[in-house]
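S.K.: Input: one structure, supplied below.
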Amino acid sequence: MANETNRFQAIISHCKEYGFIFPSSEIYDGLQAVYDYGQWGSELKKNIKDYWWNSMTRMYENIVGIDAAIFMHPTTWKASGHVDNFNDPMIDNKDSKKRYRVDHLIEGYAEMLNAEGRKQEAEQILAGMDSLLAKDDFTGLKKLIEENKIKCPISGTSNWTDIRQFNLMFSTEFGSTVSADDEDNKVYLRPETAQGIFVNFLNVQKSGRMKIPFGIAQIGKAFRNEIVARQFIFRMREFEQMEMQFFIRPGTQKDWYEYWKEERLKWHLALGIPKENYRFHDHIKLAHYADAACDIEFNFPIGFKELEGIHSRTDFDLKNHQEYSKKKMQYYDAEVDPATGKPYGNYIPYVIETSIGLDRMFLAVVSHAYTEEDLSTPEKKDDRVVLKFPPKLAPMKLAVLPLIKKDGLPEIARQIMDDCKSHFRCFYEEKDTIGKRYRRMDAIGTPFCVTVDHQTKEDNTVTIRYRDTMKQDRVPVTEIRKIVLDSL
RNA sequence: GCGGAAGUAGCUCAACUGGUAGAGCGACAGCUUCCCAAGCUGUAGGCAGCGGGUUCGACCCCCGUCUUCCGCUCCA
């Protein structure tokens, strides 16, 4: 475990040192759990996005993408359950240092009263709690706790802190409002991208003439005010999700759930990362919207952790949006049901969601790629750090290096650059010894380096050096572009 | 949120346990180099996380604050 921790630290350092990830606003000491992607990090991230987007919207003919706004009508979050379900007031006992959800604490006390046969008192307290909770009256709630002398089960004291609320959602004011307290002007930064898909369900279905089953994909930022946000980019307050909501006929959710579990695992394995780094984890305790849920966990340096979630969300979201918006979120299914001989007719579709954290995927790719190699020989100590990215994800595809910077070698290298740079990301470098340049390319994960030498002037060939094996081949200049493109 | 530790050049670390900071690597410029970091020369980078206090004087003492790491808690 100590080694794994060191490895994680090394990866974090490497990410910063080589321009992948910087702490946000670092010159002002950073901002907790917020990070910026640097010059190579943003390339890698974009490549991951493209890989996901293309496989979703191209490989599946019945999936289309959208790009919904981060701001959404406040009612969205009432309908989705986020306002009520992620608003738990908390209280700490100063002696035991234990934290409780206020409702749990009071309910526990009421249960105790019930057990003692003091039913009426219990009911009275619970009723009081409910009305205070509804009003967000924290002082009132604390008073309730104090008046009933509710004690901490651990310390046995009533030495409580003030009640605090940890709202999952960030809010801000909308329009030219003066008062931040004005509920009418309050909008949230979305805590998940899914709702942007649900509220557009009808728009996409109708304008795209989509027939069930079909999916809507989206990549976008989401925001959560995590209480504890640590572990580098694994848990950030601002993060990016790649989500696909798949709309299906009610009753078929089990089959589609299994289908998407498999499809999503295949997607991961197609990157060439070995299977043993992935595992499924089924949820026992389900979220308020799901009837089945699992995670694809990845073996991060901090252990197996959630990378992607696959949830059977039932018709929870669409049904609620129908109720709150008074718009029919229904689909007319003209297909004939063999059981009845009649069309399936109108229904609110069920939904299977696949939701992967882009930043977590980034971390998975980097932590798997990160390799420290000992290259020592009896004569000389040597080692290198290399990022063994799948070529299609590598931020830089090709480095073009004149062996020395004279005798016309740079000019030839420049021609190779011109031939390739419009096809994929290339890097030109003539400074320092060739070995140093190779190692610098290893550090950012460039899969190919070609070196122009004097022989190039005679037979128009270069050496191509492969990142993972460090082996070299002699290839014609005219082949370079094809070799790189074939690997992508 | 609680407890513990840390915060010196881009990175890794030093400097009589108070008298205003050095090295290696890296970077940059040039030279040299015909294939895997550490050849030569030169240059640029730090008011020591930030703020305050004690002191004639603090990087080194005290307080606060921020950030990071470890553990716990919480959340899913």
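Residues are named by chain letter and number: chains run A, B, ... in the order of the structure tokens, numbers start at 1 in each chain, and ligands are numbered from 1 in the order shown.
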Find the residues in chain B near chain A: any atom within 9 Å counts, using only C-alpha atoms (C1' of nucleotides). Write them as a short mmCIF file (atom, residue, chain, number, x, y, z; two decimals) with N, CA and C atoms (P, O5', C5', C4', C3', O3' and C1' of nucleotides), in the first residue's frame.
M.R.:
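Written file, selection-v7.cif:
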data_model
loop_
_atom_site.label_atom_id
_atom_site.label_comp_id
_atom_site.auth_asym_id
_atom_site.auth_seq_id
_atom_site.Cartn_x
_atom_site.Cartn_y
_atom_site.Cartn_z
P G B 1 -13.86 22.83 6.91
"O5'" G B 1 -14.45 21.74 7.91
"C5'" G B 1 -15.36 22.12 8.92
"C4'" G B 1 -15.53 20.95 9.83
"C3'" G B 1 -14.26 20.48 10.53
"O3'" G B 1 -14.01 21.24 11.69
"C1'" G B 1 -15.41 18.61 9.61
P C B 2 -12.48 21.48 12.17
"O5'" C B 2 -12.14 20.09 12.86
"C5'" C B 2 -12.85 19.69 14.01
"C4'" C B 2 -12.36 18.33 14.45
"C3'" C B 2 -10.85 18.19 14.57
"O3'" C B 2 -10.36 18.69 15.79
"C1'" C B 2 -11.72 16.34 13.40
P G B 10 10.34 28.40 -9.23
"O5'" G B 10 9.96 27.03 -9.97
"C5'" G B 10 8.64 26.82 -10.46
"C4'" G B 10 8.65 25.49 -11.17
"C3'" G B 10 9.14 24.34 -10.31
"O3'" G B 10 8.06 23.73 -9.62
"C1'" G B 10 10.36 24.40 -12.33
P C B 11 8.30 23.11 -8.17
"O5'" C B 11 9.16 21.81 -8.49
"C5'" C B 11 8.56 20.69 -9.16
"C4'" C B 11 9.58 19.58 -9.27
"C3'" C B 11 10.22 19.17 -7.95
"O3'" C B 11 9.44 18.22 -7.28
"C1'" C B 11 11.91 19.53 -9.56
P U B 33 31.80 18.08 -33.47
"O5'" U B 33 31.29 16.96 -32.49
"C5'" U B 33 30.72 15.82 -33.02
"C4'" U B 33 29.87 15.13 -31.99
"C3'" U B 33 28.76 14.36 -32.66
"O3'" U B 33 29.26 13.10 -33.10
"C1'" U B 33 27.84 15.65 -30.92
P C B 34 29.25 12.87 -34.66
"O5'" C B 34 28.38 11.56 -34.51
"C5'" C B 34 27.27 11.53 -33.63
"C4'" C B 34 26.21 10.73 -34.33
"C3'" C B 34 26.68 9.32 -34.59
"O3'" C B 34 25.72 8.48 -33.97
"C1'" C B 34 25.85 10.38 -36.57
P C B 35 25.91 7.27 -33.17
"O5'" C B 35 24.49 7.20 -32.48
"C5'" C B 35 24.12 8.12 -31.43
"C4'" C B 35 22.70 7.79 -31.11
"C3'" C B 35 22.47 6.30 -30.98
"O3'" C B 35 21.87 6.03 -29.72
"C1'" C B 35 20.90 7.30 -32.44
P C B 36 22.68 5.22 -28.61
"O5'" C B 36 22.10 5.90 -27.31
"C5'" C B 36 21.97 7.33 -27.20
"C4'" C B 36 20.73 7.57 -26.38
"C3'" C B 36 20.74 6.79 -25.07
"O3'" C B 36 20.77 7.76 -24.06
"C1'" C B 36 18.66 6.61 -26.23
P A B 37 21.66 7.75 -22.80
"O5'" A B 37 21.02 9.00 -22.10
"C5'" A B 37 20.38 10.01 -22.89
"C4'" A B 37 19.90 11.09 -21.96
"C3'" A B 37 20.98 11.62 -21.03
"O3'" A B 37 21.74 12.61 -21.66
"C1'" A B 37 18.98 11.18 -19.84
P G B 49 7.77 29.67 3.30
"O5'" G B 49 6.45 29.61 2.42
"C5'" G B 49 6.52 29.80 1.02
"C4'" G B 49 5.16 30.17 0.50
"C3'" G B 49 4.61 31.46 1.09
"O3'" G B 49 5.03 32.58 0.36
"C1'" G B 49 2.99 29.75 1.23
P C B 66 -8.27 29.01 6.48
"O5'" C B 66 -7.35 28.90 5.20
"C5'" C B 66 -7.55 29.76 4.08
"C4'" C B 66 -6.46 29.54 3.06
"C3'" C B 66 -6.28 28.09 2.64
"O3'" C B 66 -7.20 27.74 1.62
"C1'" C B 66 -4.17 29.02 3.14
P U B 67 -7.66 26.21 1.49
"O5'" U B 67 -6.35 25.52 0.91
"C5'" U B 67 -5.86 25.85 -0.39
"C4'" U B 67 -4.53 25.20 -0.63
"C3'" U B 67 -4.49 23.69 -0.41
"O3'" U B 67 -4.98 22.98 -1.53
"C1'" U B 67 -2.62 24.69 0.65
P U B 73 -14.10 5.83 9.95
"O5'" U B 73 -14.92 7.19 9.96
"C5'" U B 73 -15.51 7.67 11.17
"C4'" U B 73 -16.08 9.05 10.93
"C3'" U B 73 -17.13 9.14 9.83
"O3'" U B 73 -18.42 8.76 10.30
"C1'" U B 73 -15.57 10.89 9.58
P C B 74 -19.45 8.08 9.31
"O5'" C B 74 -19.74 9.26 8.27
"C5'" C B 74 -20.45 10.42 8.69
"C4'" C B 74 -20.44 11.45 7.59
"C3'" C B 74 -21.07 11.00 6.27
"O3'" C B 74 -22.48 11.10 6.31
"C1'" C B 74 -19.02 12.06 5.83
P C B 75 -23.39 10.05 5.55
"O5'" C B 75 -23.18 10.47 4.05
"C5'" C B 75 -23.55 11.77 3.60
"C4'" C B 75 -22.96 12.03 2.24
"C3'" C B 75 -23.34 11.03 1.16
"O3'" C B 75 -24.62 11.31 0.61
"C1'" C B 75 -21.02 11.43 1.08
P A B 76 -25.61 10.12 0.23
"O5'" A B 76 -24.91 9.46 -1.02
"C5'" A B 76 -25.01 10.07 -2.29
"C4'" A B 76 -24.19 9.31 -3.29
"C3'" A B 76 -24.72 7.93 -3.69
"O3'" A B 76 -25.72 8.02 -4.68
"C1'" A B 76 -22.41 7.79 -3.22
#
S.K.: Let's see if you can do this: from backbone DSSP, list all strand (DSSP E or B) residues in stretch 148-295 of chain A, as number ranges by chain.
M.R.: A: 160, 164-165, 170-173, 186-189, 214-223, 238-248, 278-282, 292-295
S.K.: Counting only C-alpha atoms (C1' of nucleotides), what is within 12 Å of B:G22, bar same-chain residues fewer than 3 positions away, as a PyMOL selection string?
M.R.: chain B and resi 8-9+13-15+46
S.K.: Neighbours of A:Phe316 within 9 Å (only C-alpha atoms (C1' of nucleotides); same-chain residues fewer than 4 positions away dropped), as a ChimeraX atom specification?
M.R.: /A:80,288-290,320-321,350-351
S.K.: Any chance you can output those residues with C-alpha atoms as a PDB file, in the first residue's frame?
M.R.:
ATOM      1  CA  SER A  80     -35.119  15.037 -10.350  1.00  0.00           C
ATOM      2  CA  HIS A 288     -33.849   6.994  -5.381  1.00  0.00           C
ATOM      3  CA  TYR A 289     -34.274   6.724  -9.133  1.00  0.00           C
ATOM      4  CA  ALA A 290     -32.923   3.254  -9.902  1.00  0.00           C
ATOM      5  CA  ASN A 320     -41.414  13.361 -12.676  1.00  0.00           C
ATOM      6  CA  HIS A 321     -40.722  15.838 -15.436  1.00  0.00           C
ATOM      7  CA  TYR A 350     -37.764   3.451 -19.256  1.00  0.00           C
ATOM      8  CA  VAL A 351     -34.145   4.498 -19.221  1.00  0.00           C
TER       9      VAL A 351
END
S.K.: Quick check for you: according to DSSP on this backbone, which residues of stretch 256-436 of chain A are classed as helix (DSSP H, G or I)? Reply as a VMD selection string.
M.R.: chain A and resid 256 to 269 275 to 277 316 to 325 358 to 369 409 to 420 434 to 436
S.K.: Suppose we keep N, CA and C atoms; can you now write the selection as a compact mmCIF listing (two decimals), in the first residue's frame?
M.R.:
# COMPACT_ATOMS: atom_id res chain seq x y z
N TRP A 256 -31.79 -4.73 -21.44
CA TRP A 256 -30.95 -3.61 -21.89
C TRP A 256 -29.88 -3.27 -20.88
N TYR A 257 -30.21 -3.43 -19.63
CA TYR A 257 -29.23 -3.19 -18.57
C TYR A 257 -28.04 -4.14 -18.76
N GLU A 258 -28.34 -5.41 -18.97
CA GLU A 258 -27.26 -6.38 -19.20
C GLU A 258 -26.51 -6.05 -20.48
N TYR A 259 -27.24 -5.65 -21.51
CA TYR A 259 -26.63 -5.32 -22.79
C TYR A 259 -25.60 -4.20 -22.62
N TRP A 260 -26.01 -3.13 -21.90
CA TRP A 260 -25.11 -1.99 -21.79
C TRP A 260 -23.95 -2.27 -20.85
N LYS A 261 -24.14 -3.11 -19.87
CA LYS A 261 -23.01 -3.52 -19.04
C LYS A 261 -21.91 -4.12 -19.91
N GLU A 262 -22.33 -5.00 -20.79
CA GLU A 262 -21.35 -5.67 -21.65
C GLU A 262 -20.73 -4.71 -22.65
N GLU A 263 -21.59 -3.90 -23.28
CA GLU A 263 -21.08 -2.98 -24.29
C GLU A 263 -20.06 -2.01 -23.71
N ARG A 264 -20.36 -1.54 -22.52
CA ARG A 264 -19.46 -0.56 -21.92
C ARG A 264 -18.14 -1.19 -21.52
N LEU A 265 -18.17 -2.40 -21.02
CA LEU A 265 -16.91 -3.06 -20.68
C LEU A 265 -16.08 -3.30 -21.94
N LYS A 266 -16.76 -3.66 -23.02
CA LYS A 266 -16.06 -3.87 -24.29
C LYS A 266 -15.32 -2.61 -24.72
N TRP A 267 -16.01 -1.49 -24.53
CA TRP A 267 -15.42 -0.20 -24.92
C TRP A 267 -14.10 0.01 -24.17
N HIS A 268 -14.12 -0.26 -22.90
CA HIS A 268 -12.91 -0.09 -22.10
C HIS A 268 -11.81 -1.04 -22.57
N LEU A 269 -12.19 -2.29 -22.78
CA LEU A 269 -11.18 -3.28 -23.13
C LEU A 269 -10.58 -3.01 -24.51
N LYS A 275 -7.93 -6.82 -18.85
CA LYS A 275 -9.23 -7.05 -18.22
C LYS A 275 -9.16 -7.03 -16.70
N GLU A 276 -8.07 -7.53 -16.15
CA GLU A 276 -8.03 -7.66 -14.68
C GLU A 276 -8.02 -6.31 -13.97
N ASN A 277 -7.89 -5.22 -14.75
CA ASN A 277 -7.96 -3.90 -14.13
C ASN A 277 -9.39 -3.41 -13.94
N PHE A 316 -38.46 7.00 -13.74
CA PHE A 316 -38.48 7.98 -12.66
C PHE A 316 -38.36 9.41 -13.16
N ASP A 317 -37.34 9.66 -13.97
CA ASP A 317 -37.06 11.05 -14.37
C ASP A 317 -38.13 11.60 -15.30
N LEU A 318 -38.43 10.83 -16.34
CA LEU A 318 -39.43 11.34 -17.30
C LEU A 318 -40.80 11.50 -16.63
N LYS A 319 -41.12 10.56 -15.76
CA LYS A 319 -42.41 10.63 -15.08
C LYS A 319 -42.48 11.90 -14.22
N ASN A 320 -41.42 12.17 -13.52
CA ASN A 320 -41.41 13.36 -12.68
C ASN A 320 -41.43 14.64 -13.50
N HIS A 321 -40.70 14.64 -14.59
CA HIS A 321 -40.72 15.84 -15.44
C HIS A 321 -42.11 16.04 -16.03
N GLN A 322 -42.78 14.94 -16.33
CA GLN A 322 -44.15 15.04 -16.83
C GLN A 322 -45.05 15.67 -15.78
N GLU A 323 -44.84 15.23 -14.54
CA GLU A 323 -45.67 15.74 -13.46
C GLU A 323 -45.40 17.22 -13.19
N TYR A 324 -44.14 17.58 -13.13
CA TYR A 324 -43.80 18.97 -12.79
C TYR A 324 -44.04 19.93 -13.94
N SER A 325 -43.83 19.46 -15.16
CA SER A 325 -43.92 20.37 -16.31
C SER A 325 -45.30 20.35 -16.94
N LEU A 358 -15.29 11.57 -17.04
CA LEU A 358 -14.20 11.82 -17.99
C LEU A 358 -12.87 12.00 -17.25
N ASP A 359 -12.91 12.71 -16.15
CA ASP A 359 -11.68 12.94 -15.39
C ASP A 359 -11.16 11.64 -14.78
N ARG A 360 -12.09 10.79 -14.37
CA ARG A 360 -11.67 9.50 -13.84
C ARG A 360 -11.11 8.61 -14.94
N MET A 361 -11.69 8.71 -16.11
CA MET A 361 -11.16 7.95 -17.24
C MET A 361 -9.75 8.43 -17.55
N PHE A 362 -9.57 9.73 -17.50
CA PHE A 362 -8.25 10.32 -17.70
C PHE A 362 -7.25 9.74 -16.70
N LEU A 363 -7.69 9.71 -15.44
CA LEU A 363 -6.81 9.18 -14.39
C LEU A 363 -6.54 7.69 -14.60
N ALA A 364 -7.55 6.97 -15.04
CA ALA A 364 -7.36 5.55 -15.30
C ALA A 364 -6.32 5.35 -16.41
N VAL A 365 -6.46 6.11 -17.48
CA VAL A 365 -5.55 5.98 -18.62
C VAL A 365 -4.13 6.35 -18.21
N VAL A 366 -4.00 7.46 -17.50
CA VAL A 366 -2.66 7.91 -17.10
C VAL A 366 -2.03 6.92 -16.12
N SER A 367 -2.82 6.47 -15.15
CA SER A 367 -2.20 5.62 -14.13
C SER A 367 -1.84 4.26 -14.70
N HIS A 368 -2.60 3.83 -15.70
CA HIS A 368 -2.19 2.58 -16.32
C HIS A 368 -0.97 2.78 -17.22
N ALA A 369 -0.90 3.93 -17.86
CA ALA A 369 0.20 4.20 -18.80
C ALA A 369 1.52 4.48 -18.10
N LEU A 409 19.85 18.77 -42.31
CA LEU A 409 18.93 17.82 -41.66
C LEU A 409 17.65 18.48 -41.15
N PRO A 410 17.76 19.66 -40.50
CA PRO A 410 16.53 20.32 -40.05
C PRO A 410 15.57 20.58 -41.20
N GLU A 411 16.09 20.91 -42.35
CA GLU A 411 15.22 21.22 -43.49
C GLU A 411 14.41 20.00 -43.89
N ILE A 412 15.07 18.84 -43.92
CA ILE A 412 14.34 17.61 -44.27
C ILE A 412 13.29 17.30 -43.21
N ALA A 413 13.68 17.49 -41.95
CA ALA A 413 12.74 17.22 -40.86
C ALA A 413 11.51 18.13 -40.97
N ARG A 414 11.77 19.36 -41.36
CA ARG A 414 10.65 20.30 -41.52
C ARG A 414 9.69 19.84 -42.61
N GLN A 415 10.23 19.25 -43.65
CA GLN A 415 9.36 18.74 -44.72
C GLN A 415 8.47 17.61 -44.21
N ILE A 416 9.06 16.76 -43.36
CA ILE A 416 8.26 15.67 -42.78
C ILE A 416 7.16 16.26 -41.91
N MET A 417 7.51 17.27 -41.12
CA MET A 417 6.51 17.95 -40.30
C MET A 417 5.35 18.44 -41.17
N ASP A 418 5.71 19.12 -42.24
CA ASP A 418 4.67 19.70 -43.10
C ASP A 418 3.78 18.62 -43.70
N ASP A 419 4.38 17.47 -43.94
CA ASP A 419 3.61 16.37 -44.53
C ASP A 419 2.64 15.75 -43.51
N CYS A 420 2.98 15.83 -42.22
CA CYS A 420 2.21 15.10 -41.21
C CYS A 420 1.32 15.97 -40.33
N ILE A 434 20.14 13.30 -29.00
CA ILE A 434 18.98 12.54 -29.46
C ILE A 434 18.35 11.74 -28.32
N GLY A 435 19.21 11.20 -27.45
CA GLY A 435 18.70 10.40 -26.34
C GLY A 435 17.82 11.20 -25.41
N LYS A 436 18.26 12.41 -25.14
CA LYS A 436 17.48 13.28 -24.28
C LYS A 436 16.12 13.57 -24.89
S.K.: Suppose you want the space between atom CA of A:Leu126 and atom CA of A:Asn148; what is it in Å?
M.R.: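 Separation between atom CA of A:Leu126 and atom CA of A:Asn148: 11.9 Å.
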S.K.: Any idea what's packed within 7 Å of A:Arg279, counting only C-alpha atoms (C1' of nucleotides), ignoring anything in its chain fewer than 6 positions away? Could you give it as a VMD selection string?
M.R.: chain A and resid 296 to 298
S.K.: Which is closest to A:Met56 among A:Trp77, A:Asp282, A:Gly215, A:His423, if we use only C-alpha atoms?
M.R.: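 Looking only at the distances to A:Met56, the closest residue turns out to be A:Gly215.
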S.K.: Please identify all polymer residues within 12 Å of B:G52, counting only C-alpha atoms (C1' of nucleotides), omitting same-chain residues fewer than 5 positions from it, and present them as a list of chain:residue names.
M.R.: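 Selected residues are B:C62, B:C63, B:G64, B:U65.
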S.K.: Using C-alpha atoms (C1' of nucleotides), can you export the residues from the last selection as an mmCIF file, in the first residue's frame?
M.R.:
data_model
loop_
_atom_site.group_PDB
_atom_site.id
_atom_site.type_symbol
_atom_site.label_atom_id
_atom_site.label_comp_id
_atom_site.auth_asym_id
_atom_site.auth_seq_id
_atom_site.Cartn_x
_atom_site.Cartn_y
_atom_site.Cartn_z
ATOM 1 C "C1'" C B 62 4.966 32.247 18.860
ATOM 2 C "C1'" C B 63 -0.206 33.092 16.852
ATOM 3 C "C1'" G B 64 -3.535 33.145 12.803
ATOM 4 C "C1'" U B 65 -4.624 31.760 7.825
#
S.K.: Using only C-alpha atoms (C1' of nucleotides), which protein or nucleic acid residues come within 12 Å of B:A48? Drop anything in the same chain fewer than 6 positions from it, and give the result as a PyMOL selection string.
M.R.: chain B and resi 7-9+20-21+58-60
S.K.: Restricting the output to N, CA, C and O atoms (P, O5', C5', C4', C3', O3' and C1' of nucleotides), write the selected residues as a JSON list (two decimals), in the first residue's frame.
M.R.:
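Below you can see part-v7.json, which holds the result:
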[["chain", "number", "residue", "atom", "x", "y", "z"],
["B", 7, "G", "P", 8.55, 22.02, 6.01],
["B", 7, "G", "O5'", 7.68, 22.55, 4.79],
["B", 7, "G", "C5'", 7.98, 22.15, 3.43],
["B", 7, "G", "C4'", 7.16, 23.03, 2.50],
["B", 7, "G", "C3'", 7.55, 24.50, 2.61],
["B", 7, "G", "O3'", 8.41, 24.98, 1.59],
["B", 7, "G", "C1'", 5.18, 24.19, 2.90],
["B", 8, "U", "P", 8.77, 24.28, 0.19],
["B", 8, "U", "O5'", 9.81, 25.38, -0.30],
["B", 8, "U", "C5'", 9.56, 26.75, 0.05],
["B", 8, "U", "C4'", 10.88, 27.48, 0.13],
["B", 8, "U", "C3'", 11.84, 27.22, -1.03],
["B", 8, "U", "O3'", 11.47, 27.97, -2.17],
["B", 8, "U", "C1'", 13.02, 27.07, 0.99],
["B", 9, "A", "P", 11.01, 27.17, -3.44],
["B", 9, "A", "O5'", 11.30, 28.15, -4.65],
["B", 9, "A", "C5'", 11.20, 27.69, -5.98],
["B", 9, "A", "C4'", 12.26, 28.34, -6.81],
["B", 9, "A", "C3'", 12.57, 27.61, -8.13],
["B", 9, "A", "O3'", 11.94, 28.20, -9.24],
["B", 9, "A", "C1'", 14.53, 28.38, -7.04],
["B", 20, "U", "P", 23.54, 36.43, 7.90],
["B", 20, "U", "O5'", 22.48, 37.43, 7.27],
["B", 20, "U", "C5'", 22.10, 37.25, 5.93],
["B", 20, "U", "C4'", 20.60, 37.10, 5.83],
["B", 20, "U", "C3'", 20.07, 37.26, 4.40],
["B", 20, "U", "O3'", 20.17, 36.06, 3.67],
["B", 20, "U", "C1'", 18.81, 38.60, 5.88],
["B", 21, "A", "P", 20.80, 36.08, 2.27],
["B", 21, "A", "O5'", 21.81, 34.87, 2.39],
["B", 21, "A", "C5'", 22.25, 34.18, 1.22],
["B", 21, "A", "C4'", 21.96, 32.72, 1.40],
["B", 21, "A", "C3'", 22.00, 31.94, 0.09],
["B", 21, "A", "O3'", 23.30, 31.43, -0.10],
["B", 21, "A", "C1'", 20.00, 31.47, 1.25],
["B", 58, "A", "P", 13.58, 40.42, 11.73],
["B", 58, "A", "O5'", 14.21, 38.96, 11.73],
["B", 58, "A", "C5'", 15.04, 38.50, 10.68],
["B", 58, "A", "C4'", 14.83, 37.03, 10.47],
["B", 58, "A", "C3'", 13.40, 36.69, 10.05],
["B", 58, "A", "O3'", 13.19, 36.77, 8.65],
["B", 58, "A", "C1'", 14.09, 35.33, 11.90],
["B", 59, "C", "P", 13.94, 35.83, 7.54],
["B", 59, "C", "O5'", 13.41, 34.32, 7.67],
["B", 59, "C", "C5'", 12.26, 33.90, 6.97],
["B", 59, "C", "C4'", 12.20, 32.40, 6.95],
["B", 59, "C", "C3'", 12.34, 31.75, 8.33],
["B", 59, "C", "O3'", 11.09, 31.64, 8.97],
["B", 59, "C", "C1'", 13.80, 30.69, 6.78],
["B", 60, "C", "P", 10.95, 31.85, 10.52],
["B", 60, "C", "O5'", 11.83, 30.72, 11.22],
["B", 60, "C", "C5'", 11.41, 29.35, 11.22],
["B", 60, "C", "C4'", 12.60, 28.50, 11.60],
["B", 60, "C", "C3'", 13.02, 28.58, 13.06],
["B", 60, "C", "O3'", 12.59, 27.40, 13.74],
["B", 60, "C", "C1'", 14.88, 28.84, 11.59]]
S.K.: Take atom C1' of B:A6 and atom CA of A:Phe20 and report the distance between them in Å, one decimal.
M.R.: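 So the answer is 24.7 Å.
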S.K.: Which residue gives the smallest distance to B:G19 among B:A5, B:C47, B:C40, B:C56, with only C-alpha atoms (C1' of nucleotides) counted?
M.R.: B:C56
